[in-house]
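Remarks on the structure that follows.
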Amino acid sequence: MRWLRSLVFCAVFNTLLFSQQPPAEPSHSLDTVDKAADPCTDFYQYSCGSWLKTAEIPPDQSRWGGFNELHERNLAVNRQILEKASASNASRDAIDQKIGDYYSSCMDEKTADEKALEPLKPELDRIAKATDKPALIEAIARVQLIGPNPLFNFYSSPDLHNADQVIAYIDQGGLSLPDRDYYIKDDPKMAEARKHLVDYVTQVFTLAGETPQKAADAAQTVLRLETSLAKASMDRTLRRDPKNRDHKMKRDEAVSLAPDFSLNRFFTVAGTPQFSELNVVNPEFFKQVDTVVASEPLDAWKTYVSWHLLDSAAPWLSKPFVDANFNMQKALTGQAEIKPRWKRCVNLVDGGLGEALGQRYVELTFGAEGKQRMLKMVDALEKSLDEDIRSLPWMTDETKKQAKVKLDAIRNKIGYPDVWRDYSKLQIVRGDLLGNLLRANEFESRRQIAKIGKPLDRKEWQMTPPTVNAYYSPPYNEIVFPAGILQPPFFDKQMDDAVNFGGIGVVIGHELTHGFDDQGRKFDPQGNLRDWWTAEDGKEFEKRASCVANEYSNFVAVDDLKLNGKLTLGENTADNGGARIALMALRHFISDNPSDKAAQTIDGYTPEQRFFLGFGRVWCEKRRPEYARMLVSVDPHSPGKYRVDGVVQNMPEFQKTWNCKPGQPMVAENACRVW
Ligand SMILES: [Zn+2]
């Protein structure tokens, strides 16, 4: 989703991170700590050292940590639900029929192998039949309805200047590799990734029946076209500024900006409601690519569009396609083995029927007590952020007043939606995996497109209930916590609240702070892109934000590759602000509840020490080097080590808690503070 500002990872690659291990009982102690390490030298090492010594990344993972263990547990719960629902019998209700039959058709590997490419043939034929470029654009519209997004992205989203209204957006897109850098940069790792892409495309076209020569030519065509799309694309750092994505114009104007895109024909096939204005997120992309649409031969574009359809379907076709697809993923992420099929299938059902599966998931896992405790914590964190804003030395009263209005307007959603999505019109047929997938995609595309010109539905959720993640959305001005994350190590009913304020408390603070980071601060309480800052306060903010950007730009992610401090600025700002206000909230909690367990010293640790340990253990993680490298290009979040060390070295509260002295690594010489 375009607006999500999430805690953990963005939707890179649609691959969730699951492992083959059975779900382990969550650890209810701070046993990740390495007492031999010095907390003032490297607090991440101190809080995660024991775990780091023994943890291994399972072969079917590219990253491993507390998040992933929790994912695994949720996955196992969903597997049980789906196995039960897929046991076909007459008494199943509509939800069990849909989730059960989708899962069962996915688990039926034998049928997928027998059918091979056959289920995709009608769609491939449709592309092949296009006799001119406008007809090809119509084929692209059809492909975008049933799955991938070749050439560009088309979606609906709130109007940047009137968040209550949903409008159409067209945006850059159409790449197979994770980012434009992969096509443009000269460095050997990027060149290697391009070579892997060429091999992968060649292999898939060969499997689809082309001669080896034709398949190799097709791969060169795909790389050439995607390179021109990449060159016309805005980089991720520039895209962080919403002003760079704000180009609302009349529909006619957009059509004549890029005449060879035949946008009117595209919208007709896509089945949009009537509309007269849209946001062309990056007009330069459409201008530049328009000349490529015109100059490249029709056959080259047909090859490119067919490729995107094949690539997106490959994981659900016969084994040779599945393997080719996985090998590409392996090259990019280092993941050694493909996930067992049941994990891929649970993920598929969560993707297509997330709020049907999610209903069953919350019935099993989420109690009213969890929601009450969360509401209390959110309330405590909001009070602390309010206090924090009021005490900021660098902000004038005028802007503080506006900030308070925005903070008061933030809504929260906890656990699962009040209104479940209605899937009754989506047909799921046992034994028809690809048909189900294409129908589920089309169902969702049409649902999104139908929103154009309508008021924003503020009840809607952008993550499914079992998701281990959380988000802040600027146009909704809301923080959202799916049931999936409200478990250890984030929220541990068996631990005292000092630890929980360091876990889920920091997560809540993180999401709240997103409303006031480099992007969020540009939106007003109603979710509109509007500057509510005095010019002077805006400058003061930028000064402090660039301190954070510089600090994180010096951290090494892998080998000699440093983080992009500007790309990760919003997340780092949220991590720093989140930790500070969560600690404030804990202090208030303790002074209000002096006899609570959280106020005691336990196992030799003071409440504030346990807060920091609870914070550290959330981020214990290992990444494969390939994956770590990829995330530097695409992930706005810093690696776990810096989500801990980067934050605590800016906090005098931390240094006091652990008795750190100036000159020690966890005492930054120029500590940064925004919030
Ligand atoms: Zn975040």
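In the structure tokens, chains take the letters A, B, ... in the order shown, each chain's residues start at 1, and ligands count up from 1 in the order shown.
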Worksheet item: Contacts of A:Arg239 at 10 Å or less, counting only C-alpha atoms, minus same-chain residues fewer than 6 places along, as a PyMOL selection string?
Response: chain A and resi 233+245+281-282+567
Practice prompt. Please provide the set of residues having any atom within 6 Å of stretch 373-387 of chain A, restricted to only C-alpha atoms, with same-chain residues fewer than 2 positions apart removed, written as a PyMOL selection string.
Written response: chain A and resi 370-371+389-390+581+585
Discussion item. Which residue is closest to A:Thr513? Choose from A:Asn412, A:Asn576, A:Ser295, A:Ser29 and count only C-alpha atoms.
Written reply: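 Closest to A:Thr513, using only C-alpha atoms: A:Asn576.
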Discussion item. Give me the residues near A:Lys493 as a PyMOL selection string, where near means some atom within 10 Å (using only C-alpha atoms) and where sequence neighbours in that chain fewer than 5 positions away do not count.
Written reply: chain A and resi 28+370+373+486-488+500
Practice prompt. Within 10 Å of A:Lys406, counting only C-alpha atoms, which residues show up once you throw out same-chain ones fewer than 4 positions away? Write them as a PyMOL selection string, please.
Written response: chain A and resi 400-402+410+477+515-516+521+523-527+532
Same residues, C-alpha atoms, output as a PDB file, in the first residue's frame:
```pdb
ATOM      1  CA  LYS A 400       2.913  23.344  19.224  1.00  0.00           C
ATOM      2  CA  LYS A 401      -0.758  24.217  19.249  1.00  0.00           C
ATOM      3  CA  GLN A 402      -1.170  22.815  15.740  1.00  0.00           C
ATOM      4  CA  ILE A 410      -4.995  10.510  15.557  1.00  0.00           C
ATOM      5  CA  ASN A 477      -4.110  10.020  10.411  1.00  0.00           C
ATOM      6  CA  GLY A 515       2.631  11.477  12.207  1.00  0.00           C
ATOM      7  CA  PHE A 516       5.422  13.994  12.844  1.00  0.00           C
ATOM      8  CA  ARG A 521       4.628  16.412   9.482  1.00  0.00           C
ATOM      9  CA  PHE A 523       0.034  16.319   6.559  1.00  0.00           C
ATOM     10  CA  ASP A 524      -2.578  18.021   8.692  1.00  0.00           C
ATOM     11  CA  PRO A 525      -5.027  16.496  11.222  1.00  0.00           C
ATOM     12  CA  GLN A 526      -7.508  15.709   8.437  1.00  0.00           C
ATOM     13  CA  GLY A 527      -4.844  13.864   6.441  1.00  0.00           C
ATOM     14  CA  TRP A 532       0.818  23.854   9.389  1.00  0.00           C
TER      15      TRP A 532
END
```
Fill in: Sel. of strand (DSSP E or B) residues, stretch 121-261 of chain A, as a list of chain:residue names
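Taking stretch 121-261 of chain A and keeping strand (DSSP E or B) gives A:Asn153, A:Phe154, A:Tyr155, A:Ser156, A:Ser157, A:Pro158, A:Asp159, A:Asn162, A:Ala163, A:Asp164, A:Gln165, A:Val166, A:Ile167, A:Ala168, A:Tyr169, A:Ile170, A:Asp171, A:Lys248, A:Met249, A:Lys250.
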Discussion item. Using only C-alpha atoms and all ligand atoms for the distances, tell me which of A:Tyr361, A:Phe491, A:Phe611, A:Tyr472 is nearest to ligand 1.
Written reply: A:Tyr472
For the interface of stretch 68-133 of chain A with stretch 40-63 of chain A (cut-off 12 Å, counting only C-alpha atoms), please tabulate each contacting residue of stretch 68-133 of chain A alongside its nearest pair of atoms and their separation in Å to one decimal, rows sorted by chain and increasing number, as a tab-separated table.
```
residue	atom	partner	partner_atom	distance
A:Asn68	CA	A:Arg63	CA	7.7
A:Glu69	CA	A:Arg63	CA	10.6
A:His71	CA	A:Gln61	CA	11.6
A:Glu72	CA	A:Gln61	CA	11.1
```
With N, CA and C atoms retained, could you export that selection as a JSON list (two decimals), in the first residue's frame?
```
[["chain", "number", "residue", "atom", "x", "y", "z"],
["A", 68, "ASN", "N", 10.31, -13.02, 13.13],
["A", 68, "ASN", "CA", 10.13, -14.20, 12.31],
["A", 68, "ASN", "C", 9.59, -15.36, 13.14],
["A", 69, "GLU", "N", 10.06, -15.42, 14.40],
["A", 69, "GLU", "CA", 9.55, -16.48, 15.26],
["A", 69, "GLU", "C", 8.06, -16.30, 15.48],
["A", 71, "HIS", "N", 6.02, -14.71, 13.41],
["A", 71, "HIS", "CA", 5.39, -15.07, 12.13],
["A", 71, "HIS", "C", 5.14, -16.57, 12.06],
["A", 72, "GLU", "N", 6.15, -17.30, 12.49],
["A", 72, "GLU", "CA", 6.06, -18.75, 12.44],
["A", 72, "GLU", "C", 4.89, -19.27, 13.28]]
```
